[in-house]
$ cat coords-v1.pdb   # PDB, C-alpha atoms
ATOM      1  CA  MET A  27      31.815  55.017 120.620
ATOM      2  CA  LYS A  28      31.949  54.416 116.885
ATOM      3  CA  TYR A  29      30.096  57.699 116.211
ATOM      4  CA  ILE A  30      32.433  59.675 118.468
ATOM      5  CA  PHE A  31      35.355  58.341 116.446
ATOM      6  CA  TYR A  32      33.728  59.485 113.186
ATOM      7  CA  ILE A  33      32.972  62.914 114.658
ATOM      8  CA  LEU A  34      36.587  63.316 115.775
ATOM      9  CA  ILE A  35      37.824  62.301 112.311
ATOM     10  CA  PHE A  36      35.444  64.798 110.690
ATOM     11  CA  ILE A  37      36.598  67.605 113.000
ATOM     12  CA  ALA A  38      40.240  66.792 112.291
ATOM     13  CA  ILE A  39      39.698  66.824 108.536
ATOM     14  CA  ALA A  40      37.548  69.966 108.633
ATOM     15  CA  SER A  41      40.160  71.854 110.635
ATOM     16  CA  CYS A  42      42.773  71.089 107.963
ATOM     17  CA  THR A  43      40.744  72.500 105.077
ATOM     18  CA  LYS A  44      39.845  75.979 103.940
ATOM     19  CA  PHE A  45      36.204  75.158 103.115
ATOM     20  CA  ARG A  46      34.845  77.622 105.637
ATOM     21  CA  ASP A  47      36.754  80.418 103.861
ATOM     22  CA  LEU A  48      35.268  79.747 100.420
ATOM     23  CA  PRO A  49      33.461  82.622  98.734
ATOM     24  CA  SER A  50      29.694  82.279  98.336
ATOM     25  CA  ASN A  51      30.020  81.804  94.574
ATOM     26  CA  SER A  52      32.244  78.758  95.057
ATOM     27  CA  LYS A  53      31.731  75.798  92.727
ATOM     28  CA  VAL A  54      32.264  73.317  95.584
ATOM     29  CA  ILE A  55      29.117  71.268  96.133
ATOM     30  CA  ILE A  56      28.236  69.392  99.303
ATOM     31  CA  ALA A  57      27.494  65.707  98.814
ATOM     32  CA  PRO A  58      23.908  65.035  99.988
ATOM     33  CA  ASP A  59      24.964  62.113 102.181
ATOM     34  CA  THR A  60      27.083  64.522 104.255
ATOM     35  CA  LEU A  61      24.195  66.864 105.051
ATOM     36  CA  SER A  62      22.776  67.043 108.544
ATOM     37  CA  TYR A  63      19.776  68.650 110.201
ATOM     38  CA  GLY A  64      19.814  72.404 109.591
ATOM     39  CA  SER A  65      22.306  72.403 106.707
ATOM     40  CA  LEU A  66      19.434  73.325 104.369
ATOM     41  CA  LEU A  67      16.426  75.214 105.735
ATOM     42  CA  ILE A  68      12.799  75.821 104.921
ATOM     43  CA  ASN A  69      12.977  79.610 104.914
ATOM     44  CA  GLU A  70       9.646  80.928 103.629
ATOM     45  CA  TYR A  71       6.333  79.419 102.570
ATOM     46  CA  THR A  72       2.842  80.392 101.472
ATOM     47  CA  PRO A  73       0.263  78.006 102.940
ATOM     48  CA  LYS A  74      -2.592  80.089 101.522
ATOM     49  CA  SER A  75      -1.213  81.442  98.295
ATOM     50  CA  LYS A  76      -3.114  80.956  95.082
ATOM     51  CA  VAL A  77      -1.783  84.387  94.059
ATOM     52  CA  ASP A  78       1.546  83.300  92.570
ATOM     53  CA  THR A  79       1.503  81.828  89.064
ATOM     54  CA  ASN A  80       3.966  79.130  88.047
ATOM     55  CA  GLU A  81       5.367  78.686  84.530
ATOM     56  CA  PHE A  82       2.325  76.567  83.586
ATOM     57  CA  GLY A  83       0.019  79.506  84.321
ATOM     58  CA  ILE A  84      -1.350  77.723  87.403
ATOM     59  CA  LEU A  85      -1.878  79.572  90.666
ATOM     60  CA  GLY A  86       0.121  77.675  93.249
ATOM     61  CA  LYS A  87       1.686  77.559  96.661
ATOM     62  CA  TRP A  88       5.419  77.263  97.228
ATOM     63  CA  PHE A  89       8.139  76.995  99.825
ATOM     64  CA  GLU A  90      11.657  78.339  99.690
ATOM     65  CA  LEU A  91      14.872  76.578 100.644
ATOM     66  CA  TYR A  92      17.781  78.513 102.118
ATOM     67  CA  ASN A  93      21.390  77.359 102.298
ATOM     68  CA  PRO A  94      23.038  78.993 105.349
ATOM     69  CA  GLY A  95      26.392  77.378 104.563
ATOM     70  CA  THR A  96      29.450  78.380 102.576
ATOM     71  CA  LYS A  97      29.163  75.614  99.966
ATOM     72  CA  ASN A  98      26.576  75.067  97.258
ATOM     73  CA  ILE A  99      24.090  72.207  97.708
ATOM     74  CA  GLU A 100      22.793  70.234  94.750
ATOM     75  CA  ILE A 101      19.214  69.000  95.036
ATOM     76  CA  ASP A 102      19.574  65.597  93.389
ATOM     77  CA  THR A 103      17.909  62.187  93.461
ATOM     78  CA  ASN A 104      18.825  61.733  97.150
ATOM     79  CA  PHE A 105      16.256  64.398  98.116
ATOM     80  CA  TYR A 106      12.642  64.024  99.185
ATOM     81  CA  PHE A 107      10.038  66.649 100.094
ATOM     82  CA  THR A 108       6.772  66.162 101.959
ATOM     83  CA  ASP A 109       3.804  67.913 103.535
ATOM     84  CA  THR A 110       3.199  64.860 105.741
ATOM     85  CA  LEU A 111       6.149  64.326 108.075
ATOM     86  CA  ALA A 112       5.175  60.685 108.689
ATOM     87  CA  TRP A 113       5.551  60.124 104.906
ATOM     88  CA  PRO A 114       9.065  61.437 104.150
ATOM     89  CA  ASP A 115       9.214  60.115 100.584
ATOM     90  CA  LYS A 116       5.936  61.631  99.394
ATOM     91  CA  PHE A 117       7.795  63.509  96.632
ATOM     92  CA  HIS A 118      11.087  62.168  95.313
ATOM     93  CA  VAL A 119      13.314  64.482  93.285
ATOM     94  CA  THR A 120      13.976  62.615  90.065
ATOM     95  CA  LYS A 121      16.925  62.874  87.709
ATOM     96  CA  THR A 122      17.054  66.190  85.893
ATOM     97  CA  ASP A 123      19.060  67.457  82.947
ATOM     98  CA  ILE A 124      19.823  70.744  84.679
ATOM     99  CA  LYS A 125      21.313  70.747  88.165
ATOM    100  CA  GLN A 126      19.145  72.186  90.912
ATOM    101  CA  ILE A 127      21.619  74.152  93.035
ATOM    102  CA  VAL A 128      20.956  76.040  96.251
ATOM    103  CA  PRO A 129      23.920  78.417  96.285
ATOM    104  CA  ALA A 130      25.786  79.211  99.484
ATOM    105  CA  LYS A 131      23.734  81.845 101.352
ATOM    106  CA  GLY A 132      21.193  81.476  98.546
ATOM    107  CA  PHE A 133      17.678  80.257  97.815
ATOM    108  CA  LEU A 134      15.681  77.781  95.723
ATOM    109  CA  VAL A 135      11.889  77.867  95.322
ATOM    110  CA  VAL A 136       9.959  74.575  95.321
ATOM    111  CA  TRP A 137       6.372  74.720  94.054
ATOM    112  CA  SER A 138       3.864  72.749  96.124
ATOM    113  CA  ASP A 139       1.205  72.868  93.432
ATOM    114  CA  ASN A 140       0.346  69.191  92.763
ATOM    115  CA  CYS A 141       1.981  69.346  89.298
ATOM    116  CA  ASP A 142       4.371  66.479  90.206
ATOM    117  CA  THR A 143       7.126  67.320  87.757
ATOM    118  CA  ILE A 144      10.480  68.945  87.293
ATOM    119  CA  ASN A 145       9.742  71.168  84.336
ATOM    120  CA  GLY A 146      12.610  70.857  81.890
ATOM    121  CA  GLY A 147      14.870  70.277  84.860
ATOM    122  CA  LYS A 148      14.479  73.932  85.860
ATOM    123  CA  LEU A 149      11.750  74.116  88.505
ATOM    124  CA  ILE A 150      10.637  71.547  91.055
ATOM    125  CA  HIS A 151       6.872  70.991  91.362
ATOM    126  CA  THR A 152       5.788  68.569  94.108
ATOM    127  CA  ASN A 153       2.844  66.177  94.096
ATOM    128  CA  PHE A 154       1.275  67.939  97.084
ATOM    129  CA  SER A 155      -0.109  71.341  97.988
ATOM    130  CA  LEU A 156       0.395  72.993 101.365
ATOM    131  CA  ASN A 157      -2.752  73.025 103.491
ATOM    132  CA  SER A 158      -3.817  76.432 104.823
ATOM    133  CA  ALA A 159      -5.582  74.687 107.741
ATOM    134  CA  GLY A 160      -2.214  73.566 109.124
ATOM    135  CA  GLY A 161       0.333  70.956 108.210
ATOM    136  CA  GLY A 162       3.983  70.267 107.769
ATOM    137  CA  ILE A 163       6.897  70.657 105.393
ATOM    138  CA  GLY A 164       9.884  68.334 105.384
ATOM    139  CA  ILE A 165      13.175  67.977 103.546
ATOM    140  CA  TYR A 166      14.720  64.513 103.736
ATOM    141  CA  ILE A 167      17.590  62.595 102.192
ATOM    142  CA  LYS A 168      18.473  58.919 102.243
ATOM    143  CA  ASN A 169      21.790  58.089 103.841
ATOM    144  CA  ALA A 170      24.215  55.341 102.791
ATOM    145  CA  GLN A 171      22.179  52.817 104.791
ATOM    146  CA  ARG A 172      19.067  53.900 102.802
ATOM    147  CA  ASN A 173      17.412  55.374 105.910
ATOM    148  CA  PHE A 174      15.587  58.699 105.773
ATOM    149  CA  VAL A 175      17.400  61.573 107.440
ATOM    150  CA  ALA A 176      15.535  64.823 108.166
ATOM    151  CA  ILE A 177      17.374  67.906 106.929
ATOM    152  CA  ASP A 178      14.667  70.345 108.056
ATOM    153  CA  THR A 179      11.062  69.917 109.135
ATOM    154  CA  LEU A 180       8.330  72.140 110.452
ATOM    155  CA  ASN A 181       4.747  71.874 111.579
ATOM    156  CA  TYR A 182       2.704  75.003 110.996
ATOM    157  CA  PRO A 183      -0.638  76.090 112.486
ATOM    158  CA  ASP A 184      -3.962  76.919 110.839
ATOM    159  CA  TYR A 185      -3.484  79.928 108.555
ATOM    160  CA  SER A 186      -6.891  79.677 106.852
ATOM    161  CA  LEU A 187      -7.960  83.109 108.185
ATOM    162  CA  LEU A 188      -4.946  84.911 106.735
ATOM    163  CA  PRO A 189      -5.380  86.855 103.498
ATOM    164  CA  LYS A 190      -4.361  84.887 100.391
ATOM    165  CA  GLY A 191      -0.683  85.111  99.635
ATOM    166  CA  THR A 192       0.445  85.970 103.162
ATOM    167  CA  PRO A 193       4.020  84.711 103.458
ATOM    168  CA  ILE A 194       5.412  83.053 106.565
ATOM    169  CA  GLY A 195       9.180  83.015 106.947
ATOM    170  CA  ARG A 196      12.315  83.301 108.968
ATOM    171  CA  PHE A 197      13.579  86.824 109.569
ATOM    172  CA  PRO A 198      16.382  87.374 109.078
ATOM    173  CA  ASP A 199      16.900  84.465 106.689
ATOM    174  CA  GLY A 200      17.964  81.219 108.340
ATOM    175  CA  THR A 201      17.191  82.243 111.919
ATOM    176  CA  VAL A 202      15.099  80.240 114.377
ATOM    177  CA  GLY A 203      11.335  80.747 114.339
ATOM    178  CA  PHE A 204       8.833  81.903 111.737
ATOM    179  CA  LYS A 205       6.960  85.197 111.409
ATOM    180  CA  GLN A 206       4.243  86.590 109.229
ATOM    181  CA  LEU A 207       6.034  88.639 106.575
ATOM    182  CA  SER A 208       4.683  91.685 104.774
ATOM    183  CA  LEU A 209       5.996  90.740 101.333
ATOM    184  CA  ARG A 210       6.432  87.453  99.461
ATOM    185  CA  THR A 211      10.066  87.118  98.428
ATOM    186  CA  PRO A 212      10.455  83.743  96.678
ATOM    187  CA  GLY A 213      14.129  83.242  95.867
ATOM    188  CA  ALA A 214      15.249  86.415  97.682
ATOM    189  CA  LYS A 215      15.926  87.763 101.177
ATOM    190  CA  ASN A 216      12.910  87.851 103.467
ATOM    191  CA  GLN A 217      11.417  91.196 104.496
ATOM    192  CA  LEU A 218       9.236  92.040 107.466
TER     193      LEU A 218
END

$ encode --input "coords-v1.pdb" --output "structure tokens"
Amino acid sequence: MKYIFYILIFIAIASCTKFRDLPSNSKVIIAPDTLSYGSLLINEYTPKSKVDTNEFGILGKWFELYNPGTKNIEIDTNFYFTDTLAWPDKFHVTKTDIKQIVPAKGFLVVWSDNCDTINGGKLIHTNFSLNSAGGGIGIYIKNAQRNFVAIDTLNYPDYSLLPKGTPIGRFPDGTVGFKQLSLRTPGAKNQL
């Protein structure tokens, strides 16, 4: 009953605001503790990459986040990424000098290259590398009660027989289901 009350309050407040009419370049940022499942999506990934070079000159794998909403989302210290869904806090986003923003209807690339750093606050590099033999990707936050909340998760099959660099993604961006794409488009719209 308590949750129904909160949902009704949220609906009442949301119907009184103009947030849904904001332009995509809006400066409004969603607070991480208000995010729910599907408000930020894993949109594209390369489980067998080793063809893309990061800023350290290292060949690495990556996954792309997509914000289907109308407000920007800041990736801050409330966020966690993982390749093991039973271990949601495998990589914790630490404090950065430069804000990591996923713009409304926009993208952010996260390197899964075992570098375990946020280089100058500009690019996120996790402490894991996606496994071409199958695995998972998860985006989590901690709520006010300090419990992990899944924002998006996926389990993917064995892609070890695919050519290196074959991208897997949603097409069009943000839709349900993943397809083999013809072109890697990190940080841009997916293409079949």

$ closest_residue --input "coords-v1.pdb" --among "A:Leu85, A:Ile101, A:Cys141, A:Ile165" --to "A:Leu67" --atoms "only C-alpha atoms"
A:Ile165

$ closest_atom_pairs --input "coords-v1.pdb" --of "stretch 77-162 of chain A" --to "stretch 198-201 of chain A" --cutoff "9 Å" --atoms "all atoms listed in the file" --output "JSON lines"
{"residue": "A:Tyr92", "atom": "CA", "partner": "A:Gly200", "partner_atom": "CA", "distance": 6.8}
{"residue": "A:Asn93", "atom": "CA", "partner": "A:Gly200", "partner_atom": "CA", "distance": 7.9}
{"residue": "A:Pro94", "atom": "CA", "partner": "A:Gly200", "partner_atom": "CA", "distance": 6.3}

$ write_last_selection --input "coords-v1.pdb" --atoms "C-alpha atoms" --output "CSV table (one decimal), in the frame of the given file"
chain,number,residue,atom,x,y,z
A,92,TYR,CA,17.8,78.5,102.1
A,93,ASN,CA,21.4,77.4,102.3
A,94,PRO,CA,23.0,79.0,105.3

$ residues_around --input "coords-v1.pdb" --residues "A:Gly95" --least-positions-apart "6" --cutoff "7 Å" --atoms "all atoms listed in the file" --output "mmCIF file with C-alpha atoms, keeping the file's coordinate frame"
data_model
loop_
_atom_site.group_PDB
_atom_site.id
_atom_site.type_symbol
_atom_site.label_atom_id
_atom_site.label_comp_id
_atom_site.auth_asym_id
_atom_site.auth_seq_id
_atom_site.Cartn_x
_atom_site.Cartn_y
_atom_site.Cartn_z
ATOM 1 C CA SER A 65 22.306 72.403 106.707
ATOM 2 C CA ALA A 130 25.786 79.211 99.484
ATOM 3 C CA LYS A 131 23.734 81.845 101.352
#

$ atom_distance --input "coords-v1.pdb" --atom1 "atom CA of A:Leu180" --atom2 "atom CA of A:Asn104"
19.9 Å

$ closest_residue --input "coords-v1.pdb" --among "A:Asp142, A:Thr179, A:Thr60, A:Glu70" --to "A:Gln206" --atoms "only C-alpha atoms"
A:Glu70

$ residues_near_point --input "coords-v1.pdb" --point "(11.1, 84.5, 97.8)" --cutoff "8 Å" --atoms "all atoms listed in the file" --output "mmCIF file with C-alpha atoms, in the frame of the given file"
data_model
loop_
_atom_site.group_PDB
_atom_site.id
_atom_site.type_symbol
_atom_site.label_atom_id
_atom_site.label_comp_id
_atom_site.auth_asym_id
_atom_site.auth_seq_id
_atom_site.Cartn_x
_atom_site.Cartn_y
_atom_site.Cartn_z
ATOM 1 C CA GLU A 70 9.646 80.928 103.629
ATOM 2 C CA GLU A 90 11.657 78.339 99.690
ATOM 3 C CA PHE A 133 17.678 80.257 97.815
ATOM 4 C CA VAL A 135 11.889 77.867 95.322
ATOM 5 C CA ARG A 210 6.432 87.453 99.461
ATOM 6 C CA THR A 211 10.066 87.118 98.428
ATOM 7 C CA PRO A 212 10.455 83.743 96.678
ATOM 8 C CA GLY A 213 14.129 83.242 95.867
ATOM 9 C CA ALA A 214 15.249 86.415 97.682
ATOM 10 C CA LYS A 215 15.926 87.763 101.177
ATOM 11 C CA ASN A 216 12.910 87.851 103.467
#

$ resolve_selection --input "coords-v1.pdb" --expression "the PyMOL selection byres ((chain A and resi 167) around 6)" --output "list in words"
Asn104, Phe105, Tyr106, Tyr166, Lys168, Phe174 and Val175 of chain A

$ write_last_selection --input "coords-v1.pdb" --atoms "C-alpha atoms" --output "PDB file, keeping the file's coordinate frame"
ATOM      1  CA  ASN A 104      18.825  61.733  97.150  1.00  0.00           C
ATOM      2  CA  PHE A 105      16.256  64.398  98.116  1.00  0.00           C
ATOM      3  CA  TYR A 106      12.642  64.024  99.185  1.00  0.00           C
ATOM      4  CA  TYR A 166      14.720  64.513 103.736  1.00  0.00           C
ATOM      5  CA  LYS A 168      18.473  58.919 102.243  1.00  0.00           C
ATOM      6  CA  PHE A 174      15.587  58.699 105.773  1.00  0.00           C
ATOM      7  CA  VAL A 175      17.400  61.573 107.440  1.00  0.00           C
TER       8      VAL A 175
END

$ atom_distance --input "coords-v1.pdb" --atom1 "atom CA of A:Leu149" --atom2 "atom CA of A:Asp115"
18.7 Å

$ atom_distance --input "coords-v1.pdb" --atom1 "atom CA of A:Phe197" --atom2 "atom CA of A:Asn140"
27.7 Å

$ resolve_selection --input "coords-v1.pdb" --expression "the PyMOL selection byres ((chain A and resi 191) around 8)" --output "tab-separated table (two decimals) with C-alpha atoms, in the frame of the given file"
chain	number	residue	atom	x	y	z
A	72	THR	CA	2.84	80.39	101.47
A	73	PRO	CA	0.26	78.01	102.94
A	74	LYS	CA	-2.59	80.09	101.52
A	75	SER	CA	-1.21	81.44	98.30
A	76	LYS	CA	-3.11	80.96	95.08
A	77	VAL	CA	-1.78	84.39	94.06
A	78	ASP	CA	1.55	83.30	92.57
A	189	PRO	CA	-5.38	86.86	103.50
A	190	LYS	CA	-4.36	84.89	100.39
A	192	THR	CA	0.44	85.97	103.16
A	193	PRO	CA	4.02	84.71	103.46
A	210	ARG	CA	6.43	87.45	99.46

$ resolve_selection --input "coords-v1.pdb" --expression "the PyMOL selection byres ((chain A and resi 119) around 9)" --output "ChimeraX atom specification"
/A:101-107,117-118,120-122,143-144,150,152

$ closest_residue --input "coords-v1.pdb" --among "A:Asp178, A:Tyr185, A:Lys87, A:Trp113" --to "A:Val202" --atoms "only C-alpha atoms"
A:Asp178

$ closest_residue --input "coords-v1.pdb" --among "A:Leu66, A:Leu209, A:Ile194, A:Ile127" --to "A:Gly164" --atoms "only C-alpha atoms"
A:Leu66

$ closest_residue --input "coords-v1.pdb" --among "A:Tyr182, A:Gln126, A:Gly86, A:Leu188" --to "A:Gly203" --atoms "all atoms listed in the file"
A:Tyr182

$ closest_residue --input "coords-v1.pdb" --among "A:Thr108, A:Asn69, A:Ser208, A:Asn80" --to "A:Ala176" --atoms "all atoms listed in the file"
A:Thr108

$ residues_around --input "coords-v1.pdb" --residues "A:Gly161" --least-positions-apart "2" --cutoff "8 Å" --atoms "all atoms listed in the file" --output "list in words"
Asp109, Thr110, Leu156, Asn157, Ser158, Ala159, Ile163, Asn181, Tyr182, Pro183 and Asp184 of chain A

$ write_last_selection --input "coords-v1.pdb" --atoms "C-alpha atoms" --output "PDB file, in the frame of the given file"
ATOM      1  CA  ASP A 109       3.804  67.913 103.535  1.00  0.00           C
ATOM      2  CA  THR A 110       3.199  64.860 105.741  1.00  0.00           C
ATOM      3  CA  LEU A 156       0.395  72.993 101.365  1.00  0.00           C
ATOM      4  CA  ASN A 157      -2.752  73.025 103.491  1.00  0.00           C
ATOM      5  CA  SER A 158      -3.817  76.432 104.823  1.00  0.00           C
ATOM      6  CA  ALA A 159      -5.582  74.687 107.741  1.00  0.00           C
ATOM      7  CA  ILE A 163       6.897  70.657 105.393  1.00  0.00           C
ATOM      8  CA  ASN A 181       4.747  71.874 111.579  1.00  0.00           C
ATOM      9  CA  TYR A 182       2.704  75.003 110.996  1.00  0.00           C
ATOM     10  CA  PRO A 183      -0.638  76.090 112.486  1.00  0.00           C
ATOM     11  CA  ASP A 184      -3.962  76.919 110.839  1.00  0.00           C
TER      12      ASP A 184
END
